[in-house]
file work.cif (mmCIF, C-alpha atoms)
data_protein
loop_
_atom_site.label_atom_id
_atom_site.label_comp_id
_atom_site.auth_asym_id
_atom_site.auth_seq_id
_atom_site.Cartn_x
_atom_site.Cartn_y
_atom_site.Cartn_z
CA MET A 1 0.00 0.00 0.00
CA ASN A 2 1.66 3.25 -1.09
CA SER A 3 1.13 6.70 0.40
CA HIS A 4 -0.46 8.04 -2.81
CA SER A 5 -3.29 5.49 -2.84
CA ASN A 6 -3.52 5.94 0.90
CA SER A 7 -4.20 9.65 0.58
CA ASN A 8 -6.63 8.96 -2.29
CA ILE A 9 -8.73 6.63 -0.18
CA GLU A 10 -8.58 9.13 2.69
CA LEU A 11 -9.97 11.86 0.42
CA ILE A 12 -12.76 9.60 -0.84
CA TYR A 13 -13.48 8.46 2.71
CA ASN A 14 -13.70 12.00 4.07
CA GLU A 15 -16.13 12.99 1.35
CA HIS A 16 -18.40 9.94 1.23
CA SER A 17 -18.12 8.01 4.52
CA LYS A 18 -21.08 9.76 6.16
CA MET A 19 -23.31 9.02 3.18
CA VAL A 20 -22.19 5.36 3.06
CA TYR A 21 -22.64 4.86 6.81
CA ASN A 22 -26.11 6.42 6.86
CA LEU A 23 -27.26 4.32 3.92
CA CYS A 24 -25.93 1.18 5.65
CA LEU A 25 -27.70 2.23 8.84
CA GLY A 26 -30.98 2.66 7.00
CA TYR A 27 -30.51 -0.69 5.34
CA LEU A 28 -29.15 -2.89 8.12
CA HIS A 29 -30.78 -1.33 11.20
CA SER A 30 -27.74 -1.96 13.38
CA ILE A 31 -24.88 0.41 14.26
CA GLU A 32 -22.28 -2.40 14.46
CA ASP A 33 -23.33 -3.97 11.16
CA ALA A 34 -23.40 -0.56 9.45
CA GLU A 35 -19.82 0.16 10.63
CA GLU A 36 -18.67 -3.24 9.41
CA VAL A 37 -20.24 -2.84 5.97
CA THR A 38 -18.89 0.73 5.70
CA GLN A 39 -15.41 -0.72 6.17
CA ASP A 40 -16.09 -3.34 3.47
CA VAL A 41 -17.35 -0.66 1.08
CA PHE A 42 -14.16 1.41 1.36
CA ILE A 43 -11.96 -1.68 1.08
CA LYS A 44 -13.84 -2.52 -2.13
CA VAL A 45 -13.45 1.09 -3.34
CA TYR A 46 -9.70 0.91 -2.61
CA HIS A 47 -9.29 -2.33 -4.60
CA SER A 48 -11.61 -1.40 -7.48
CA ILE A 49 -10.87 2.29 -8.00
CA SER A 50 -8.87 1.38 -11.13
CA GLU A 51 -12.06 -0.17 -12.60
CA PHE A 52 -14.00 3.07 -12.14
CA LYS A 53 -14.39 4.52 -15.64
CA ASN A 54 -16.16 7.85 -15.01
CA LYS A 55 -19.32 6.58 -16.76
CA SER A 56 -21.22 7.76 -13.70
CA SER A 57 -20.22 10.04 -10.84
CA LEU A 58 -18.03 8.66 -8.07
CA LYS A 59 -20.90 9.18 -5.61
CA THR A 60 -23.27 7.06 -7.74
CA TRP A 61 -20.61 4.33 -8.05
CA ILE A 62 -20.05 4.29 -4.28
CA TYR A 63 -23.82 4.17 -3.71
CA ARG A 64 -24.00 1.09 -5.96
CA ILE A 65 -21.17 -0.63 -4.08
CA THR A 66 -22.85 0.17 -0.76
CA ILE A 67 -26.20 -1.25 -1.85
CA ASN A 68 -24.55 -4.45 -3.14
CA LYS A 69 -22.50 -4.84 0.04
CA CYS A 70 -25.60 -4.34 2.19
CA LEU A 71 -27.52 -6.96 0.18
CA ASP A 72 -24.57 -9.38 0.46
CA PHE A 73 -24.40 -8.78 4.19
CA ILE A 74 -28.14 -9.40 4.64
CA LYS A 75 -27.84 -12.59 2.57
CA ALA A 76 -24.89 -13.81 4.69
CA LYS A 77 -26.74 -12.95 7.89
CA LYS A 78 -29.86 -14.81 6.73
CA ARG A 79 -27.70 -17.85 5.94
CA LEU A 80 -26.20 -17.66 9.43
CA LYS A 81 -29.66 -17.29 10.96
CA ARG A 82 -30.87 -20.37 9.09
CA ILE A 83 -27.96 -22.35 10.54
CA SER A 84 -28.61 -20.98 14.03
CA ASP A 85 -32.29 -21.89 13.66
CA MET A 86 -31.27 -25.44 12.76
CA ILE A 87 -28.93 -25.58 15.77
CA SER A 88 -31.70 -24.25 18.01
CA ILE A 89 -33.89 -27.23 17.01
CA PHE A 90 -31.34 -29.48 18.68
CA ASN A 91 -30.69 -27.04 21.50
CA SER A 92 -32.48 -28.08 24.68
CA LYS A 93 -32.89 -24.47 25.83
CA ASN A 94 -34.56 -23.66 22.49
CA GLU A 95 -32.79 -20.29 22.27
CA LEU A 96 -32.18 -18.44 19.04
CA ILE A 97 -28.69 -17.07 18.51
CA HIS A 98 -29.99 -14.10 16.50
CA SER A 99 -33.31 -12.55 17.15
CA GLY A 100 -34.88 -9.45 15.65
CA LYS A 101 -34.96 -6.30 17.77
CA ASN A 102 -36.51 -2.88 17.58
CA PHE A 103 -34.17 -0.52 15.79
CA GLU A 104 -33.96 3.08 16.99
CA HIS A 105 -32.26 5.14 14.31
CA PRO A 106 -29.88 7.58 16.07
CA GLY A 107 -30.73 10.36 13.62
CA ILE A 108 -34.50 10.29 14.15
CA LEU A 109 -36.20 13.14 16.01
CA LEU A 110 -37.36 12.23 19.51
CA GLU A 111 -41.04 12.75 18.75
CA ASN A 112 -40.81 10.36 15.76
CA LYS A 113 -38.94 7.55 17.59
CA GLU A 114 -41.93 5.23 18.21
CA LYS A 115 -43.27 5.75 14.71
CA SER A 116 -39.89 5.13 13.07
CA ILE A 117 -39.42 1.86 15.00
CA LEU A 118 -42.65 0.60 13.42
CA LEU A 119 -41.64 1.95 10.01
CA PHE A 120 -38.19 0.29 10.07
CA LYS A 121 -39.82 -2.98 11.14
CA ALA A 122 -42.14 -2.75 8.14
CA ILE A 123 -39.30 -1.73 5.77
CA GLU A 124 -37.43 -4.92 6.71
CA LEU A 125 -40.31 -6.98 5.27
CA LEU A 126 -40.24 -5.29 1.85
CA PRO A 127 -38.80 -7.04 -1.24
CA LYS A 128 -35.20 -5.92 -1.89
CA HIS A 129 -35.84 -3.51 -4.81
CA GLN A 130 -38.74 -1.80 -3.07
CA LYS A 131 -36.69 -1.59 0.13
CA THR A 132 -33.71 -0.04 -1.69
CA VAL A 133 -35.83 2.52 -3.48
CA PHE A 134 -37.79 3.47 -0.37
CA ILE A 135 -34.62 3.92 1.74
CA LEU A 136 -32.91 5.97 -0.96
CA SER A 137 -35.99 8.14 -1.39
CA LYS A 138 -37.40 8.57 2.11
CA VAL A 139 -34.39 8.01 4.39
CA GLU A 140 -31.55 9.30 2.21
CA GLY A 141 -33.70 11.98 0.59
CA LEU A 142 -32.55 11.37 -2.99
CA ASN A 143 -34.76 12.39 -5.89
CA ASN A 144 -36.15 9.88 -8.39
CA LYS A 145 -33.62 10.83 -11.08
CA GLU A 146 -30.67 10.14 -8.76
CA ILE A 147 -32.21 6.83 -7.66
CA ALA A 148 -32.79 5.83 -11.28
CA GLU A 149 -29.14 6.55 -12.06
CA ILE A 150 -27.87 4.55 -9.08
CA LEU A 151 -30.08 1.53 -9.79
CA GLU A 152 -29.73 1.85 -13.58
CA LYS A 153 -33.52 1.92 -14.01
CA SER A 154 -35.92 4.32 -15.67
CA ILE A 155 -37.51 7.09 -13.61
CA SER A 156 -40.98 5.61 -14.15
CA ALA A 157 -39.73 2.23 -12.85
CA VAL A 158 -38.44 3.97 -9.72
CA GLU A 159 -41.75 5.80 -9.25
CA ASN A 160 -43.58 2.51 -9.65
CA LEU A 161 -41.33 0.82 -7.07
CA ILE A 162 -41.85 3.66 -4.56
CA HIS A 163 -45.62 3.44 -5.07
CA ARG A 164 -45.60 -0.35 -4.54
CA ALA A 165 -43.34 -0.01 -1.49
CA LYS A 166 -45.73 2.54 0.04
CA ASP A 167 -48.73 0.29 -0.60
CA ASN A 168 -46.98 -2.69 0.99
CA LEU A 169 -45.86 -0.58 3.95
CA LYS A 170 -49.42 0.65 4.48
CA ILE A 171 -50.65 -2.94 4.54
CA SER A 172 -48.05 -4.13 7.07
CA LEU A 173 -48.46 -0.97 9.19
CA SER A 174 -52.21 -1.40 9.35
CA ILE A 175 -51.63 -4.95 10.62
CA ASN A 176 -49.34 -3.59 13.36
CA PHE A 177 -51.58 -0.61 14.09
CA LYS A 178 -53.06 -2.10 17.27
CA GLU A 179 -49.57 -2.61 18.72
CA TYR A 180 -48.78 1.06 18.06
CA GLN A 181 -52.06 2.20 19.65
CA LYS A 182 -51.30 0.18 22.81
CA LYS A 183 -47.89 1.89 23.08
CA GLU A 184 -49.47 5.31 22.53
CA ILE A 185 -51.97 4.71 25.35
CA LYS A 186 -49.13 3.68 27.71
CA MET B 1 -56.91 10.54 14.92
CA SER B 2 -57.92 8.18 12.12
CA LYS B 3 -55.97 5.07 11.25
CA GLU B 4 -55.06 6.37 7.77
CA ASN B 5 -53.66 9.62 9.14
CA THR B 6 -51.52 7.79 11.70
CA ILE B 7 -50.15 5.45 9.03
CA GLU B 8 -49.32 8.47 6.84
CA GLU B 9 -47.52 10.04 9.82
CA ILE B 10 -45.56 6.83 10.40
CA LEU B 11 -44.55 6.80 6.72
CA GLU B 12 -43.35 10.38 7.01
CA SER B 13 -41.47 9.79 10.30
CA THR B 14 -38.11 9.63 8.52
CA LYS B 15 -38.63 13.03 6.89
CA ASP B 16 -36.33 15.21 9.03
CA ILE B 17 -33.80 12.47 9.74
CA LYS B 18 -30.33 13.74 10.71
CA LYS B 19 -27.19 12.32 9.16
CA VAL B 20 -25.33 10.33 11.81
CA ASP B 21 -21.58 10.75 12.29
CA LEU B 22 -19.34 7.74 11.90
CA ASN B 23 -17.02 6.41 14.59
CA PRO B 24 -13.65 8.18 14.01
CA TYR B 25 -11.71 4.92 14.40
CA VAL B 26 -13.40 3.30 11.40
CA PHE B 27 -10.90 4.77 8.93
CA ASN B 28 -7.96 3.30 10.89
CA LYS B 29 -9.70 -0.07 10.85
CA ILE B 30 -10.08 0.20 7.06
CA LEU B 31 -6.40 1.03 6.62
CA LEU B 32 -5.44 -1.88 8.86
CA LYS B 33 -7.66 -4.27 6.90
CA ILE B 34 -6.19 -3.06 3.60
CA LYS B 35 -2.71 -3.51 5.02
CA LEU B 36 -3.50 -7.03 6.14
CA ASN B 37 -5.22 -7.57 2.78
CA LYS B 38 -8.00 -9.27 4.60
CA ASP B 39 -11.49 -9.12 3.16
CA VAL B 40 -14.35 -9.95 5.49
CA PHE B 41 -16.35 -12.02 3.02
CA LEU B 42 -15.06 -14.82 0.85
CA PRO B 43 -16.20 -14.22 -2.76
CA THR B 44 -19.34 -16.21 -3.54
CA ASN B 45 -17.89 -17.35 -6.88
CA LEU B 46 -14.98 -18.97 -5.10
CA ILE B 47 -17.31 -20.85 -2.75
CA TRP B 48 -19.38 -22.18 -5.68
CA LEU B 49 -16.28 -23.10 -7.63
CA SER B 50 -14.80 -25.08 -4.74
CA LEU B 51 -18.16 -26.79 -4.11
CA CYS B 52 -18.49 -27.81 -7.76
CA THR B 53 -14.90 -29.08 -7.82
CA PHE B 54 -15.58 -31.10 -4.69
CA ILE B 55 -18.73 -32.68 -6.18
CA LEU B 56 -16.91 -33.38 -9.46
CA LEU B 57 -14.09 -35.08 -7.56
CA ILE B 58 -16.57 -37.30 -5.72
CA PHE B 59 -18.17 -38.31 -9.05
CA CYS B 60 -14.75 -39.03 -10.60
CA ASN B 61 -13.86 -41.21 -7.61
CA LEU B 62 -17.15 -43.08 -7.81
CA PHE B 63 -16.70 -43.63 -11.54
CA LEU B 64 -13.16 -44.93 -11.03
CA ILE B 65 -14.20 -47.24 -8.21
CA LEU B 66 -17.05 -48.66 -10.29
CA LYS B 67 -14.78 -49.17 -13.30
CA ILE B 68 -12.09 -50.89 -11.23
CA ASP B 69 -14.74 -53.08 -9.68
CA LYS B 70 -16.10 -53.99 -13.13
CA ILE B 71 -12.61 -54.87 -14.42
CA SER B 72 -11.84 -57.05 -11.41
CA ASN B 73 -15.20 -58.80 -11.79
CA LYS B 74 -14.44 -59.46 -15.44
CA ASN B 75 -11.03 -60.89 -14.54
CA GLU B 76 -12.58 -63.07 -11.92
CA ASP B 77 -15.11 -64.28 -14.44
CA THR B 78 -12.48 -65.18 -17.06
CA THR B 79 -10.25 -66.98 -14.54
CA SER B 80 -13.17 -69.04 -13.32
CA LYS B 81 -14.00 -69.98 -16.94
CA TYR B 82 -10.36 -70.90 -17.52
CA ASP B 83 -10.38 -73.01 -14.36
CA LEU B 84 -13.45 -74.87 -15.53
CA ILE B 85 -11.95 -75.59 -18.97
CA SER B 86 -8.64 -76.78 -17.53
CA TYR B 87 -10.48 -78.91 -15.03
CA THR B 88 -12.55 -80.55 -17.79
CA ILE B 89 -9.44 -81.18 -19.89
CA ASN B 90 -7.61 -82.67 -16.95
CA TYR B 91 -10.61 -84.80 -16.16
CA GLN B 92 -10.75 -86.08 -19.74
CA ILE B 93 -7.03 -86.83 -19.79
CA TYR B 94 -7.23 -88.66 -16.52
CA TYR B 95 -10.01 -90.91 -17.66
#

call {"tool": "encode", "arguments": {"input": "work.cif", "output": "structure tokens"}}
result
Amino acid sequence: MNSHSNSNIELIYNEHSKMVYNLCLGYLHSIEDAEEVTQDVFIKVYHSISEFKNKSSLKTWIYRITINKCLDFIKAKKRLKRISDMISIFNSKNELIHSGKNFEHPGILLENKEKSILLFKAIELLPKHQKTVFILSKVEGLNNKEIAEILEKSISAVENLIHRAKDNLKISLSINFKEYQKKEIK
Amino acid sequence: MSKENTIEEILESTKDIKKVDLNPYVFNKILLKIKLNKDVFLPTNLIWLSLCTFILLIFCNLFLILKIDKISNKNEDTTSKYDLISYTINYQIYY
């Protein structure tokens, strides 16, 4: 590793690390996992920077790497969970090694905390394309054109995905509505 | 408040989300990992390739074992035939 490439990666890191970390956080719903995937993203950027051909902006390219790394991480975690589920069948205590928890995003306003917990729970159940588009649009605040460029889709396809994601979220939120009402009363 | 309004509010709860700062030690961890040339995940292609090679090796072994077995059976068969012929000839000579 030479000092030139070292300073290059430092420059890229300083400019894009916050964006990468926040996208990972929105995707993975865990601070530790988001930090781990952020590291993986910049290692990938370091190794593949020679393959970057300026066809898109550096930001768009890093967004793509981040999304792919997040999807890979979720896939690996699901695989691990499946194995742990199998082990738990034979475990006398019947304990799961990994269990889902309520995610409190550190950047959410205090008055929106309860609502966002429900929303992130519902986002986790979305199909991967709808999930990606919804996070990029509503959590990252990107416009449809930027999302279309990142995902290499048409703007109408992105709009369609956002619409479908919203519909699915409404369905799963209405199922969990009673749970939210109970918390509100408390 | 109606159910629809509450659901709309929940959907909009990420609207004024603040960007969260990253742990300052993460960059040092990245540099260390690059230095050690250690990637966290093994490439999926490599896993599939090794799995396919493993399965192919098992099939090759099975094929070889079956072939060897067939050859030895054939040999056994021919020797037994030869034994029978020589026995008959000997028997004829004797009598």

call {"tool": "closest_atom_pairs", "arguments": {"input": "work.cif", "of": "chain B", "to": "chain A", "cutoff": "8 Å", "atoms": "all atoms listed in the file", "output": "Markdown table"}}
result
| residue | atom | partner | partner_atom | distance |
| --- | --- | --- | --- | --- |
| B:Lys3 | CA | A:Phe177 | CA | 7.7 |
| B:Ile7 | CA | A:Leu173 | CA | 6.6 |
| B:Glu9 | CA | A:Lys115 | CA | 7.8 |
| B:Ile10 | CA | A:Lys115 | CA | 5.0 |
| B:Leu11 | CA | A:Leu119 | CA | 6.5 |
| B:Glu12 | CA | A:Lys138 | CA | 7.9 |
| B:Ser13 | CA | A:Asn112 | CA | 5.5 |
| B:Thr14 | CA | A:Val139 | CA | 5.8 |
| B:Lys15 | CA | A:Lys138 | CA | 6.7 |
| B:Asp16 | CA | A:Leu109 | CA | 7.3 |
| B:Ile17 | CA | A:Ile108 | CA | 5.0 |
| B:Lys18 | CA | A:Gly107 | CA | 4.5 |
| B:Lys19 | CA | A:Gly107 | CA | 6.0 |
| B:Val20 | CA | A:Gly107 | CA | 5.7 |
| B:Asp21 | CA | A:Lys18 | CA | 6.2 |
| B:Leu22 | CA | A:Lys18 | CA | 6.3 |
| B:Asn23 | CA | A:Glu35 | CA | 7.9 |
| B:Val26 | CA | A:Gln39 | CA | 6.9 |
| B:Phe27 | CA | A:Gln39 | CA | 7.6 |
| B:Lys29 | CA | A:Gln39 | CA | 7.4 |
| B:Ile30 | CA | A:Gln39 | CA | 5.5 |
| B:Lys33 | CA | A:Ile43 | CA | 7.7 |
| B:Ile34 | CA | A:Ile43 | CA | 6.4 |
| B:Lys35 | CA | A:Met1 | CA | 6.7 |
| B:Asp39 | CA | A:Asp40 | CA | 7.4 |
| B:Val40 | CA | A:Asp40 | CA | 7.1 |

call {"tool": "atom_distance", "arguments": {"input": "work.cif", "atom1": "atom CA of Leu161 of chain A", "atom2": "atom CA of Lys131 of chain A"}}
result
8.9 Å

call {"tool": "resolve_selection", "arguments": {"input": "work.cif", "expression": "the PyMOL selection byres ((chain A and resi 145-158) around 10)", "output": "tab-separated table (two decimals) with C-alpha atoms, in the frame of the given file"}}
result
chain	number	residue	atom	x	y	z
A	56	SER	CA	-21.22	7.76	-13.70
A	57	SER	CA	-20.22	10.04	-10.84
A	59	LYS	CA	-20.90	9.18	-5.61
A	60	THR	CA	-23.27	7.06	-7.74
A	61	TRP	CA	-20.61	4.33	-8.05
A	62	ILE	CA	-20.05	4.29	-4.28
A	63	TYR	CA	-23.82	4.17	-3.71
A	64	ARG	CA	-24.00	1.09	-5.96
A	65	ILE	CA	-21.17	-0.63	-4.08
A	67	ILE	CA	-26.20	-1.25	-1.85
A	129	HIS	CA	-35.84	-3.51	-4.81
A	130	GLN	CA	-38.74	-1.80	-3.07
A	132	THR	CA	-33.71	-0.04	-1.69
A	133	VAL	CA	-35.83	2.52	-3.48
A	134	PHE	CA	-37.79	3.47	-0.37
A	136	LEU	CA	-32.91	5.97	-0.96
A	137	SER	CA	-35.99	8.14	-1.39
A	141	GLY	CA	-33.70	11.98	0.59
A	142	LEU	CA	-32.55	11.37	-2.99
A	143	ASN	CA	-34.76	12.39	-5.89
A	144	ASN	CA	-36.15	9.88	-8.39
A	159	GLU	CA	-41.75	5.80	-9.25
A	160	ASN	CA	-43.58	2.51	-9.65
A	161	LEU	CA	-41.33	0.82	-7.07
A	162	ILE	CA	-41.85	3.66	-4.56
A	163	HIS	CA	-45.62	3.44	-5.07
A	164	ARG	CA	-45.60	-0.35	-4.54

call {"tool": "atom_distance", "arguments": {"input": "work.cif", "atom1": "atom CA of Asn5 of chain B", "atom2": "atom CA of Leu110 of chain A"}}
result
19.5 Å

call {"tool": "closest_residue", "arguments": {"input": "work.cif", "among": "A:His16, A:Lys75, A:Lys128, A:Lys121", "to": "Leu58 of chain A", "atoms": "only C-alpha atoms"}}
result
A:His16
